[in-house]
$ cat my_file_6.cif   # mmCIF, C-alpha atoms
data_protein
#
loop_
_atom_site.group_PDB
_atom_site.id
_atom_site.type_symbol
_atom_site.label_atom_id
_atom_site.label_comp_id
_atom_site.auth_asym_id
_atom_site.auth_seq_id
_atom_site.Cartn_x
_atom_site.Cartn_y
_atom_site.Cartn_z
ATOM 1 C CA PHE L 924 0.000 0.000 0.000
ATOM 2 C CA THR L 925 1.198 3.516 -0.774
ATOM 3 C CA SER L 926 -1.831 5.049 0.949
ATOM 4 C CA ALA L 927 -5.030 3.894 2.629
ATOM 5 C CA ASP L 928 -6.623 3.430 -0.809
ATOM 6 C CA THR L 929 -3.756 2.809 -3.249
ATOM 7 C CA ALA L 930 -1.910 -0.500 -3.544
ATOM 8 C CA TYR L 931 -0.141 -2.675 -6.111
ATOM 9 C CA PHE L 932 -0.324 -6.425 -6.641
ATOM 10 C CA THR L 933 1.772 -8.715 -8.856
ATOM 11 C CA GLY L 934 1.644 -12.328 -9.877
ATOM 12 C CA PHE L 935 0.448 -14.622 -12.655
ATOM 13 C CA GLU L 936 -3.016 -15.237 -14.070
ATOM 14 C CA TYR L 937 -4.206 -17.819 -16.552
ATOM 15 C CA ILE L 938 -5.238 -16.202 -19.846
ATOM 16 C CA ASN L 939 -4.369 -18.577 -22.690
ATOM 17 C CA GLY L 940 -1.408 -19.654 -20.558
ATOM 18 C CA MET L 941 0.205 -18.131 -17.499
ATOM 19 C CA LYS L 942 0.672 -14.378 -17.888
ATOM 20 C CA PRO L 943 2.501 -12.081 -15.464
ATOM 21 C CA PHE L 944 0.661 -8.977 -14.294
ATOM 22 C CA VAL L 945 0.927 -5.795 -12.251
ATOM 23 C CA LYS L 946 -2.398 -4.509 -10.891
ATOM 24 C CA LYS L 947 -3.293 -1.283 -9.115
ATOM 25 C CA THR L 948 -6.174 -0.263 -6.877
ATOM 26 C CA THR L 949 -7.113 3.266 -5.876
ATOM 27 C CA ASP L 950 -10.259 2.410 -3.906
ATOM 28 C CA GLY L 951 -8.926 0.264 -1.069
ATOM 29 C CA CYS L 952 -8.942 -3.030 -3.025
ATOM 30 C CA SER L 953 -12.565 -2.881 -4.231
ATOM 31 C CA THR L 954 -11.460 -2.805 -7.874
ATOM 32 C CA TRP L 955 -8.163 -3.465 -9.650
ATOM 33 C CA VAL L 956 -6.841 -2.300 -13.021
ATOM 34 C CA ASN L 957 -4.011 -3.866 -15.022
ATOM 35 C CA LEU L 958 -0.903 -1.772 -15.530
ATOM 36 C CA PRO L 959 1.202 -2.379 -18.633
ATOM 37 C CA TRP L 960 3.945 -4.959 -17.997
ATOM 38 C CA SER L 961 6.397 -5.678 -20.797
ATOM 39 C CA ASN L 962 7.988 -8.909 -19.535
ATOM 40 C CA VAL L 963 5.946 -11.757 -21.024
ATOM 41 C CA SER L 964 7.337 -14.514 -18.782
ATOM 42 C CA LEU L 965 8.230 -13.004 -15.388
ATOM 43 C CA ALA L 966 6.190 -11.118 -12.801
ATOM 44 C CA PRO L 967 7.902 -8.907 -10.226
ATOM 45 C CA VAL L 968 9.138 -10.666 -7.097
ATOM 46 C CA ASP L 969 8.477 -7.441 -5.178
ATOM 47 C CA ILE L 970 7.357 -3.939 -6.090
ATOM 48 C CA THR L 971 7.211 -0.570 -4.362
ATOM 49 C CA PHE L 972 6.191 2.956 -5.278
ATOM 50 C CA ILE L 973 7.659 6.222 -3.963
ATOM 51 C CA ASP L 974 7.280 9.897 -4.864
ATOM 52 C CA SER L 975 3.491 9.930 -4.264
ATOM 53 C CA GLY L 976 3.080 6.921 -6.544
ATOM 54 C CA ASN L 977 4.815 8.352 -9.617
ATOM 55 C CA THR L 978 8.085 6.451 -9.314
ATOM 56 C CA GLY L 979 8.012 2.703 -8.899
ATOM 57 C CA VAL L 980 10.687 0.050 -8.663
ATOM 58 C CA ALA L 981 10.037 -3.615 -9.360
ATOM 59 C CA ILE L 982 12.495 -6.430 -8.861
ATOM 60 C CA LEU L 983 12.659 -9.694 -10.753
ATOM 61 C CA PRO L 984 15.100 -12.479 -9.852
ATOM 62 C CA LYS L 985 17.865 -10.948 -12.010
ATOM 63 C CA LEU L 986 16.476 -7.534 -13.013
ATOM 64 C CA ILE L 987 15.345 -4.193 -11.652
ATOM 65 C CA MET L 988 12.629 -2.304 -13.536
ATOM 66 C CA ARG L 989 11.692 1.337 -12.911
ATOM 67 C CA THR L 990 8.757 3.558 -13.833
ATOM 68 C CA THR L 991 8.324 7.309 -13.474
ATOM 69 C CA ASP L 992 4.740 7.524 -14.756
ATOM 70 C CA GLY L 993 2.877 5.511 -12.153
ATOM 71 C CA GLY L 994 3.504 2.148 -13.813
ATOM 72 C CA MET L 995 2.325 2.965 -17.340
ATOM 73 C CA SER L 996 5.786 2.254 -18.785
ATOM 74 C CA TRP L 997 8.819 0.432 -17.389
ATOM 75 C CA SER L 998 12.527 0.484 -18.209
ATOM 76 C CA GLU L 999 15.327 -1.803 -17.111
ATOM 77 C CA VAL L 1000 17.936 -0.460 -14.681
ATOM 78 C CA ALA L 1001 21.519 -1.682 -14.905
ATOM 79 C CA VAL L 1002 22.356 -3.958 -11.986
ATOM 80 C CA ASN L 1003 25.169 -6.415 -11.316
ATOM 81 C CA VAL L 1004 23.544 -9.780 -10.483
ATOM 82 C CA SER L 1005 25.393 -12.991 -11.299
ATOM 83 C CA ALA L 1006 23.951 -16.319 -12.423
ATOM 84 C CA ASP L 1007 23.947 -17.754 -8.887
ATOM 85 C CA GLU L 1008 22.377 -14.670 -7.277
ATOM 86 C CA ASP L 1009 18.717 -13.586 -6.979
ATOM 87 C CA LEU L 1010 16.865 -10.452 -5.884
ATOM 88 C CA LYS L 1011 14.285 -11.145 -3.155
ATOM 89 C CA LYS L 1012 12.924 -8.051 -1.385
ATOM 90 C CA ILE L 1013 12.865 -4.274 -1.888
ATOM 91 C CA VAL L 1014 12.308 -1.487 0.625
ATOM 92 C CA PHE L 1015 12.560 2.309 0.376
ATOM 93 C CA VAL L 1016 12.906 4.464 3.493
ATOM 94 C CA ASP L 1017 12.221 7.715 1.599
ATOM 95 C CA ASP L 1018 12.015 8.873 -2.016
ATOM 96 C CA GLN L 1019 15.771 8.524 -2.567
ATOM 97 C CA TYR L 1020 17.156 5.767 -0.330
ATOM 98 C CA GLY L 1021 16.218 2.170 -1.065
ATOM 99 C CA TYR L 1022 17.597 -1.316 -0.512
ATOM 100 C CA VAL L 1023 17.212 -4.689 -2.221
ATOM 101 C CA LEU L 1024 17.913 -7.962 -0.435
ATOM 102 C CA GLY L 1025 19.849 -10.375 -2.599
ATOM 103 C CA THR L 1026 20.757 -14.001 -2.083
ATOM 104 C CA PRO L 1027 22.933 -15.633 -1.193
ATOM 105 C CA HIS L 1028 24.523 -12.697 0.727
ATOM 106 C CA PHE L 1029 24.406 -9.184 -0.738
ATOM 107 C CA ILE L 1030 22.439 -5.942 -0.564
ATOM 108 C CA LEU L 1031 21.812 -3.428 -3.340
ATOM 109 C CA LYS L 1032 21.565 0.222 -2.307
ATOM 110 C CA THR L 1033 20.269 3.284 -4.150
ATOM 111 C CA THR L 1034 20.560 6.909 -3.070
ATOM 112 C CA ASP L 1035 18.871 8.409 -6.147
ATOM 113 C CA GLY L 1036 15.405 6.865 -6.180
ATOM 114 C CA GLY L 1037 16.396 3.681 -7.968
ATOM 115 C CA ILE L 1038 18.256 5.189 -10.931
ATOM 116 C CA SER L 1039 21.535 3.535 -9.933
ATOM 117 C CA TRP L 1040 22.425 0.755 -7.493
ATOM 118 C CA GLU L 1041 25.548 -0.097 -5.476
ATOM 119 C CA LYS L 1042 26.207 -3.741 -4.637
ATOM 120 C CA ILE L 1043 27.374 -4.504 -1.085
ATOM 121 C CA GLN L 1044 28.536 -8.027 -0.268
ATOM 122 C CA LEU L 1045 28.116 -9.128 3.343
ATOM 123 C CA ASN L 1046 31.133 -10.844 4.842
ATOM 124 C CA THR L 1047 29.300 -14.090 5.563
ATOM 125 C CA ASN L 1048 28.523 -17.401 3.918
ATOM 126 C CA LEU L 1049 25.024 -17.448 5.445
ATOM 127 C CA ILE L 1050 22.093 -17.101 3.049
ATOM 128 C CA LEU L 1051 20.072 -13.920 3.650
ATOM 129 C CA SER L 1052 16.296 -14.141 3.952
ATOM 130 C CA VAL L 1053 14.682 -11.105 5.686
ATOM 131 C CA MET L 1054 15.478 -7.376 5.563
ATOM 132 C CA LYS L 1055 14.212 -4.371 7.537
ATOM 133 C CA PHE L 1056 15.470 -0.764 7.411
ATOM 134 C CA LEU L 1057 14.408 1.820 9.996
ATOM 135 C CA ASN L 1058 15.926 4.760 8.104
ATOM 136 C CA LYS L 1059 18.685 5.389 5.567
ATOM 137 C CA SER L 1060 21.386 4.433 8.093
ATOM 138 C CA THR L 1061 20.039 1.661 10.329
ATOM 139 C CA GLY L 1062 18.878 -1.694 9.056
ATOM 140 C CA PHE L 1063 18.749 -5.404 9.767
ATOM 141 C CA THR L 1064 18.993 -8.561 7.725
ATOM 142 C CA THR L 1065 18.744 -12.180 8.726
ATOM 143 C CA GLY L 1066 20.559 -15.210 7.450
ATOM 144 C CA SER L 1067 20.512 -18.955 7.622
ATOM 145 C CA GLU L 1068 21.304 -20.547 10.987
ATOM 146 C CA ALA L 1069 18.824 -17.979 12.356
ATOM 147 C CA SER L 1070 21.355 -15.155 12.492
ATOM 148 C CA ILE L 1071 20.637 -11.428 12.542
ATOM 149 C CA PHE L 1072 22.924 -8.652 11.297
ATOM 150 C CA LYS L 1073 22.711 -4.901 11.894
ATOM 151 C CA THR L 1074 24.074 -1.923 9.957
ATOM 152 C CA THR L 1075 24.309 1.668 11.190
ATOM 153 C CA ASP L 1076 26.066 3.109 8.136
ATOM 154 C CA GLY L 1077 23.504 2.506 5.425
ATOM 155 C CA GLY L 1078 24.526 -1.053 4.656
ATOM 156 C CA LEU L 1079 28.236 -0.460 4.107
ATOM 157 C CA SER L 1080 29.172 -2.674 7.076
ATOM 158 C CA TRP L 1081 27.222 -5.304 9.027
ATOM 159 C CA ASN L 1082 27.686 -6.812 12.487
ATOM 160 C CA MET L 1083 26.130 -10.044 13.698
ATOM 161 C CA LYS L 1084 23.926 -9.414 16.755
ATOM 162 C CA LYS L 1085 22.454 -12.853 17.407
ATOM 163 C CA LYS L 1086 22.728 -16.406 16.113
ATOM 164 C CA PHE L 1087 20.213 -19.053 17.167
ATOM 165 C CA VAL L 1088 21.946 -21.812 15.091
ATOM 166 C CA THR L 1089 18.696 -23.725 14.573
ATOM 167 C CA GLY L 1090 15.289 -22.652 13.314
ATOM 168 C CA ARG L 1091 14.381 -19.748 11.073
ATOM 169 C CA ILE L 1092 13.788 -16.030 11.526
ATOM 170 C CA SER L 1093 10.578 -15.196 9.680
ATOM 171 C CA GLY L 1094 10.288 -11.474 10.336
ATOM 172 C CA ILE L 1095 11.493 -8.276 11.999
ATOM 173 C CA GLN L 1096 9.226 -5.460 13.158
ATOM 174 C CA PHE L 1097 10.185 -2.129 14.756
ATOM 175 C CA TYR L 1098 7.758 0.320 16.343
ATOM 176 C CA ASN L 1099 10.368 3.042 16.791
ATOM 177 C CA ASP L 1100 14.171 3.243 16.672
ATOM 178 C CA ASN L 1101 14.553 1.177 19.865
ATOM 179 C CA ASP L 1102 11.481 -1.030 20.329
ATOM 180 C CA GLY L 1103 11.476 -4.051 18.028
ATOM 181 C CA ARG L 1104 10.429 -7.683 17.669
ATOM 182 C CA LEU L 1105 12.186 -10.646 16.096
ATOM 183 C CA PHE L 1106 10.089 -13.645 15.073
ATOM 184 C CA HIS L 1107 12.004 -16.932 15.391
ATOM 185 C CA ASP L 1108 10.076 -20.160 14.849
ATOM 186 C CA ALA L 1109 7.259 -20.128 17.440
ATOM 187 C CA ARG L 1110 8.928 -17.513 19.662
ATOM 188 C CA THR L 1111 9.087 -13.743 19.676
ATOM 189 C CA TYR L 1112 12.144 -11.854 20.927
ATOM 190 C CA LYS L 1113 12.034 -8.217 22.053
ATOM 191 C CA THR L 1114 14.666 -5.505 21.842
ATOM 192 C CA THR L 1115 14.500 -2.145 23.595
ATOM 193 C CA ASP L 1116 17.965 -0.919 22.523
ATOM 194 C CA GLY L 1117 17.626 -0.827 18.739
ATOM 195 C CA GLY L 1118 18.599 -4.428 18.150
ATOM 196 C CA GLU L 1119 21.844 -4.364 20.094
ATOM 197 C CA SER L 1120 20.496 -7.110 22.365
#
$ encode --input "my_file_6.cif" --output "structure tokens"
Amino acid sequence: FTSADTAYFTGFEYINGMKPFVKKTTDGCSTWVNLPWSNVSLAPVDITFIDSGNTGVAILPKLIMRTTDGGMSWSEVAVNVSADEDLKKIVFVDDQYGYVLGTPHFILKTTDGGISWEKIQLNTNLILSVMKFLNKSTGFTTGSEASIFKTTDGGLSWNMKKKFVTGRISGIQFYNDNDGRLFHDARTYKTTDGGES
């Protein structure tokens, strides 16, 4: 959702075969309209809109697509993703700063609204799975072996804060800069110091 009424939805529908789509609602999900989508075989893995809904960024496993007209036309953005890497999740913290989670262990960062992207490799062999940014400086990502990493410099460096060894971290939620929750298997862990403990 980009507002209480406006949201975007992607996936595949069967129309003479499986067709990827991007849909938009402006009435709180009562009705949906199809937006033009040029890729005939792949739907976005994740999509987000910034700039009051004018600029959108969609990620596919190996590609980033960008629109500046509310999704009516899309163009490919140059990004360095190798054959054994995939893009999984995108998040913007404002109209300029955004991050893409990539597997097995990298982050893409933009500081210009998705026009260009910097690739940051994490110094780990753990496979990343969840990402949460509080602002353009502070963020978290989780890896296999139920580990959690934190950055305070916009993703340039990451420090491991916790490793459960077994199980899986399924989500991270923060209510302000200090108060957060970590969802690990059937348990919830709480932080009151911004994820330091």
$ resolve_selection --input "my_file_6.cif" --expression "the PyMOL selection byres ((chain L and resi 1095) around 12)" --output "VMD selection string"
chain L and resid 1052 to 1057 1062 to 1065 1071 to 1073 1091 to 1094 1096 to 1098 1102 to 1107 1111 to 1114 1117 to 1118
$ write_last_selection --input "my_file_6.cif" --atoms "C-alpha atoms" --output "compact mmCIF listing (two decimals), keeping the file's coordinate frame"
# COMPACT_ATOMS: atom_id res chain seq x y z
CA SER L 1052 16.30 -14.14 3.95
CA VAL L 1053 14.68 -11.10 5.69
CA MET L 1054 15.48 -7.38 5.56
CA LYS L 1055 14.21 -4.37 7.54
CA PHE L 1056 15.47 -0.76 7.41
CA LEU L 1057 14.41 1.82 10.00
CA GLY L 1062 18.88 -1.69 9.06
CA PHE L 1063 18.75 -5.40 9.77
CA THR L 1064 18.99 -8.56 7.72
CA THR L 1065 18.74 -12.18 8.73
CA ILE L 1071 20.64 -11.43 12.54
CA PHE L 1072 22.92 -8.65 11.30
CA LYS L 1073 22.71 -4.90 11.89
CA ARG L 1091 14.38 -19.75 11.07
CA ILE L 1092 13.79 -16.03 11.53
CA SER L 1093 10.58 -15.20 9.68
CA GLY L 1094 10.29 -11.47 10.34
CA GLN L 1096 9.23 -5.46 13.16
CA PHE L 1097 10.18 -2.13 14.76
CA TYR L 1098 7.76 0.32 16.34
CA ASP L 1102 11.48 -1.03 20.33
CA GLY L 1103 11.48 -4.05 18.03
CA ARG L 1104 10.43 -7.68 17.67
CA LEU L 1105 12.19 -10.65 16.10
CA PHE L 1106 10.09 -13.64 15.07
CA HIS L 1107 12.00 -16.93 15.39
CA THR L 1111 9.09 -13.74 19.68
CA TYR L 1112 12.14 -11.85 20.93
CA LYS L 1113 12.03 -8.22 22.05
CA THR L 1114 14.67 -5.50 21.84
CA GLY L 1117 17.63 -0.83 18.74
CA GLY L 1118 18.60 -4.43 18.15
$ residues_around --input "my_file_6.cif" --residues "segment 987-999 of chain L" --least-positions-apart "3" --cutoff "8 Å" --atoms "all atoms listed in the file" --output "number ranges by chain"
L: 958-961, 976-983, 1002, 1037-1038
$ atom_distance --input "my_file_6.cif" --atom1 "atom CA of Asp1007 of chain L" --atom2 "atom CA of His1028 of chain L"
10.9 Å
$ atom_distance --input "my_file_6.cif" --atom1 "atom CA of Phe932 of chain L" --atom2 "atom CA of Ala966 of chain L"
10.1 Å
$ resolve_selection --input "my_file_6.cif" --expression "the PyMOL selection byres ((chain L and resi 1045) around 9)" --output "PyMOL selection string"
chain L and resi 1028-1030+1043-1044+1046-1048+1078-1081
$ closest_residue --input "my_file_6.cif" --among "L:Asn939, L:Ser1005, L:Ser975, L:Thr929" --to "Thr954 of chain L" --atoms "only C-alpha atoms"
L:Thr929
$ atom_distance --input "my_file_6.cif" --atom1 "atom CA of Leu1051 of chain L" --atom2 "atom CA of Asp1035 of chain L"
24.4 Å
$ axis_aligned_box --input "my_file_6.cif" --around "segment 1073-1092 of chain L" --padding-each-side "5 Å" --output "JSON"
{"center_x": 21.5, "center_y": -10.3, "center_z": 10.8, "size_x": 25.4, "size_y": 36.8, "size_z": 23.3}
$ residues_around --input "my_file_6.cif" --residues "Gly951 of chain L" --least-positions-apart "3" --cutoff "12 Å" --atoms "only C-alpha atoms" --output "VMD selection string"
chain L and resid 924 to 931 947 to 948 954 to 955
$ resolve_selection --input "my_file_6.cif" --expression "the PyMOL selection byres ((chain L and resi 944) around 7)" --output "PDB file with C-alpha atoms, in the frame of the given file"
ATOM      1  CA  THR L 933       1.772  -8.715  -8.856  1.00  0.00           C
ATOM      2  CA  GLY L 934       1.644 -12.328  -9.877  1.00  0.00           C
ATOM      3  CA  PHE L 935       0.448 -14.622 -12.655  1.00  0.00           C
ATOM      4  CA  LYS L 942       0.672 -14.378 -17.888  1.00  0.00           C
ATOM      5  CA  PRO L 943       2.501 -12.081 -15.464  1.00  0.00           C
ATOM      6  CA  VAL L 945       0.927  -5.795 -12.251  1.00  0.00           C
ATOM      7  CA  LYS L 946      -2.398  -4.509 -10.891  1.00  0.00           C
ATOM      8  CA  ASN L 957      -4.011  -3.866 -15.022  1.00  0.00           C
ATOM      9  CA  TRP L 960       3.945  -4.959 -17.997  1.00  0.00           C
ATOM     10  CA  ALA L 966       6.190 -11.118 -12.801  1.00  0.00           C
TER      11      ALA L 966
END
$ closest_residue --input "my_file_6.cif" --among "L:Gly1066, L:Gly1090, L:Pro1027, L:Gly1077" --to "Glu1041 of chain L" --atoms "only C-alpha atoms"
L:Gly1077
$ closest_residue --input "my_file_6.cif" --among "L:Tyr937, L:Glu1068, L:Asn1099, L:Ser1060" --to "Gly1021 of chain L" --atoms "all atoms listed in the file"
L:Ser1060
$ residues_around --input "my_file_6.cif" --residues "Tyr1020 of chain L" --least-positions-apart "5" --cutoff "9 Å" --atoms "all atoms listed in the file" --output "number ranges by chain"
L: 1014-1015, 1032-1037, 1058-1059
$ decode --input "my_file_6.cif" --residues "segment 968-1040 of chain L" --atoms "C-alpha atoms" --output "tab-separated table (two decimals), in the first residue's frame"
chain	number	residue	atom	x	y	z
L	968	VAL	CA	9.14	-10.67	-7.10
L	969	ASP	CA	8.48	-7.44	-5.18
L	970	ILE	CA	7.36	-3.94	-6.09
L	971	THR	CA	7.21	-0.57	-4.36
L	972	PHE	CA	6.19	2.96	-5.28
L	973	ILE	CA	7.66	6.22	-3.96
L	974	ASP	CA	7.28	9.90	-4.86
L	975	SER	CA	3.49	9.93	-4.26
L	976	GLY	CA	3.08	6.92	-6.54
L	977	ASN	CA	4.81	8.35	-9.62
L	978	THR	CA	8.08	6.45	-9.31
L	979	GLY	CA	8.01	2.70	-8.90
L	980	VAL	CA	10.69	0.05	-8.66
L	981	ALA	CA	10.04	-3.61	-9.36
L	982	ILE	CA	12.50	-6.43	-8.86
L	983	LEU	CA	12.66	-9.69	-10.75
L	984	PRO	CA	15.10	-12.48	-9.85
L	985	LYS	CA	17.87	-10.95	-12.01
L	986	LEU	CA	16.48	-7.53	-13.01
L	987	ILE	CA	15.34	-4.19	-11.65
L	988	MET	CA	12.63	-2.30	-13.54
L	989	ARG	CA	11.69	1.34	-12.91
L	990	THR	CA	8.76	3.56	-13.83
L	991	THR	CA	8.32	7.31	-13.47
L	992	ASP	CA	4.74	7.52	-14.76
L	993	GLY	CA	2.88	5.51	-12.15
L	994	GLY	CA	3.50	2.15	-13.81
L	995	MET	CA	2.32	2.96	-17.34
L	996	SER	CA	5.79	2.25	-18.78
L	997	TRP	CA	8.82	0.43	-17.39
L	998	SER	CA	12.53	0.48	-18.21
L	999	GLU	CA	15.33	-1.80	-17.11
L	1000	VAL	CA	17.94	-0.46	-14.68
L	1001	ALA	CA	21.52	-1.68	-14.90
L	1002	VAL	CA	22.36	-3.96	-11.99
L	1003	ASN	CA	25.17	-6.42	-11.32
L	1004	VAL	CA	23.54	-9.78	-10.48
L	1005	SER	CA	25.39	-12.99	-11.30
L	1006	ALA	CA	23.95	-16.32	-12.42
L	1007	ASP	CA	23.95	-17.75	-8.89
L	1008	GLU	CA	22.38	-14.67	-7.28
L	1009	ASP	CA	18.72	-13.59	-6.98
L	1010	LEU	CA	16.87	-10.45	-5.88
L	1011	LYS	CA	14.29	-11.15	-3.15
L	1012	LYS	CA	12.92	-8.05	-1.39
L	1013	ILE	CA	12.87	-4.27	-1.89
L	1014	VAL	CA	12.31	-1.49	0.62
L	1015	PHE	CA	12.56	2.31	0.38
L	1016	VAL	CA	12.91	4.46	3.49
L	1017	ASP	CA	12.22	7.72	1.60
L	1018	ASP	CA	12.02	8.87	-2.02
L	1019	GLN	CA	15.77	8.52	-2.57
L	1020	TYR	CA	17.16	5.77	-0.33
L	1021	GLY	CA	16.22	2.17	-1.06
L	1022	TYR	CA	17.60	-1.32	-0.51
L	1023	VAL	CA	17.21	-4.69	-2.22
L	1024	LEU	CA	17.91	-7.96	-0.43
L	1025	GLY	CA	19.85	-10.38	-2.60
L	1026	THR	CA	20.76	-14.00	-2.08
L	1027	PRO	CA	22.93	-15.63	-1.19
L	1028	HIS	CA	24.52	-12.70	0.73
L	1029	PHE	CA	24.41	-9.18	-0.74
L	1030	ILE	CA	22.44	-5.94	-0.56
L	1031	LEU	CA	21.81	-3.43	-3.34
L	1032	LYS	CA	21.57	0.22	-2.31
L	1033	THR	CA	20.27	3.28	-4.15
L	1034	THR	CA	20.56	6.91	-3.07
L	1035	ASP	CA	18.87	8.41	-6.15
L	1036	GLY	CA	15.40	6.87	-6.18
L	1037	GLY	CA	16.40	3.68	-7.97
L	1038	ILE	CA	18.26	5.19	-10.93
L	1039	SER	CA	21.53	3.53	-9.93
L	1040	TRP	CA	22.42	0.76	-7.49
